Each structure stands twice: as C-alpha cells, then as structure tokens.
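Below: the structure, in structure tokens.
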Amino acid sequence: LPLHSRSQQLHFLDRAMQALPGYKTTYQILSPGSGGTKISKGCNATVHATGVVKETGKKFWSTKDPGQQPFSYQAGVGGVITGWDQGCLGMEIGEVRMLLIPADEGYGKAGFPAWGIPPGGTLEFTLECLQVK
C-alpha cells in the first residue's frame with residue numbers, strides 16, 4: 001500500500017479515533033486486514049511503520065524508505081514504546097492502522113532528539129501488519 005499523504009493522515013485524524021482501554025493512545029483502522037492471525041501479547045510481529053511528529057509534521061522514521069526493512073518485535077511485552085506496544089495488539093495481517101501516541105506513552109518529556117522527536121512530542125504512526133508468528 002502507498003504511504004498516505006500528510007493531508008490524508010490529518011483527514012483520518014479528524015474522524016473519531018478509537019480508544020485503547022486503560023491507555024491514552026488512540027487508533028484508526030485505515031484499511032482492514034485479511035482476517036485470521038492477529039498480533040497478540042508475546043507473539044513476534046513484523047510491520048511496516050512510518051512515524052511523524054504531530055506537532056511539526058516531520059517524518060522521523062519509515063521502514064519504507066530506501067535501505068530500510070520491515071520492523072520485527074515481540075508484541076505486548078514492553079520492548080517498544082507503550083503506545084505502539086498496546087496500539088498494535090489485535091492488528092490482522094494486511095491491516096493498516098494509524099496510532100496517535102501522546103508523549104507519556106511515547107518518548108516522554110525528554111523526547112528522542114537524535115530522531116528529531118522534541119520533548120513532549122506526540123507521535124503519529126502508520127503501521128501495516130505484514131507477519132505474525
């Protein structure tokens with residue numbers, strides 16, 4: 001699937017985002033998956049991911065950029081930022097989901113200056129579930 005333009009992303013954000021019970025991160029399913037296996041706690045998930053700082057609109061990372069590869073991680077066990085870890089649970093293979101992650105479930109008050117994420121930065125991730133093991 002092609003990356004969504006910034007204006008398309010903002011349009012999706014204007015729609016009602018869905019809540020994650022117990023978390024401040026919200027999500028929007030941009031394209032449904034194929035059914036079947038879903039990302040669940042403890043599984044190994046592989047995704048395409050593009051991250052943008054909401055306040056600046058600046059892309060700080062994309063697995064679709066030249067030289068990058070899909071990202072694999074163990075889901076639901078704290079190996080990635082909280083908003084991502086919880087926000088991807090339940091994704092089906094082929095699903096594209098946007099996460100809106102507040103700083104306290106992202107990189108916090110310190111941000112991640114090496115990636116251009118400012119202190120207190122809100123993150124927008126567009127993720128596509130490629131594989132679940």
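Every chain in the structure tokens takes a letter, A first, then B, and so on in the order presented; its residues are numbered from 1, and the ligands are numbered from 1 following the presented order.
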Quiz item: Could you pull out the strand (DSSP E or B) residues of chain A from DSSP and send them as a PyMOL selection string?
Solution: chain A and resi 18-19+26-31+38+44-53+59-62+71-74+92+96-101+112+117+123-132
Quiz item: What's the 10 Å shell around A:Pro32, counting only C-alpha atoms, without same-chain residues fewer than 2 positions away, as a list in words?
Solution: Ile29, Leu30, Ser34, Gly35, Met91, Glu92, Ile93, Gly94, Glu95, Val96, Arg97 and Glu128 of chain A
Quiz item: In terms of the shortest atom-to-atom distance over only C-alpha atoms, which of A:Leu99, A:Cys129, A:Val53, A:Ala114 is closest to A:Ala75?
Solution: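 Among the listed residues, A:Cys129 lies closest to A:Ala75.
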Quiz item: Separation of atom CA of A:Gly108 and atom CA of A:Lys41, in Å?
Solution: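 Separating atom CA of A:Gly108 from atom CA of A:Lys41 is a distance of 23.2 Å.
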Quiz item: DSSP on the backbone: what in chain A comes out helix (DSSP H, G or I), as a PyMOL selection string?
Solution: chain A and resi 6-14+82-87+103-105+113-115
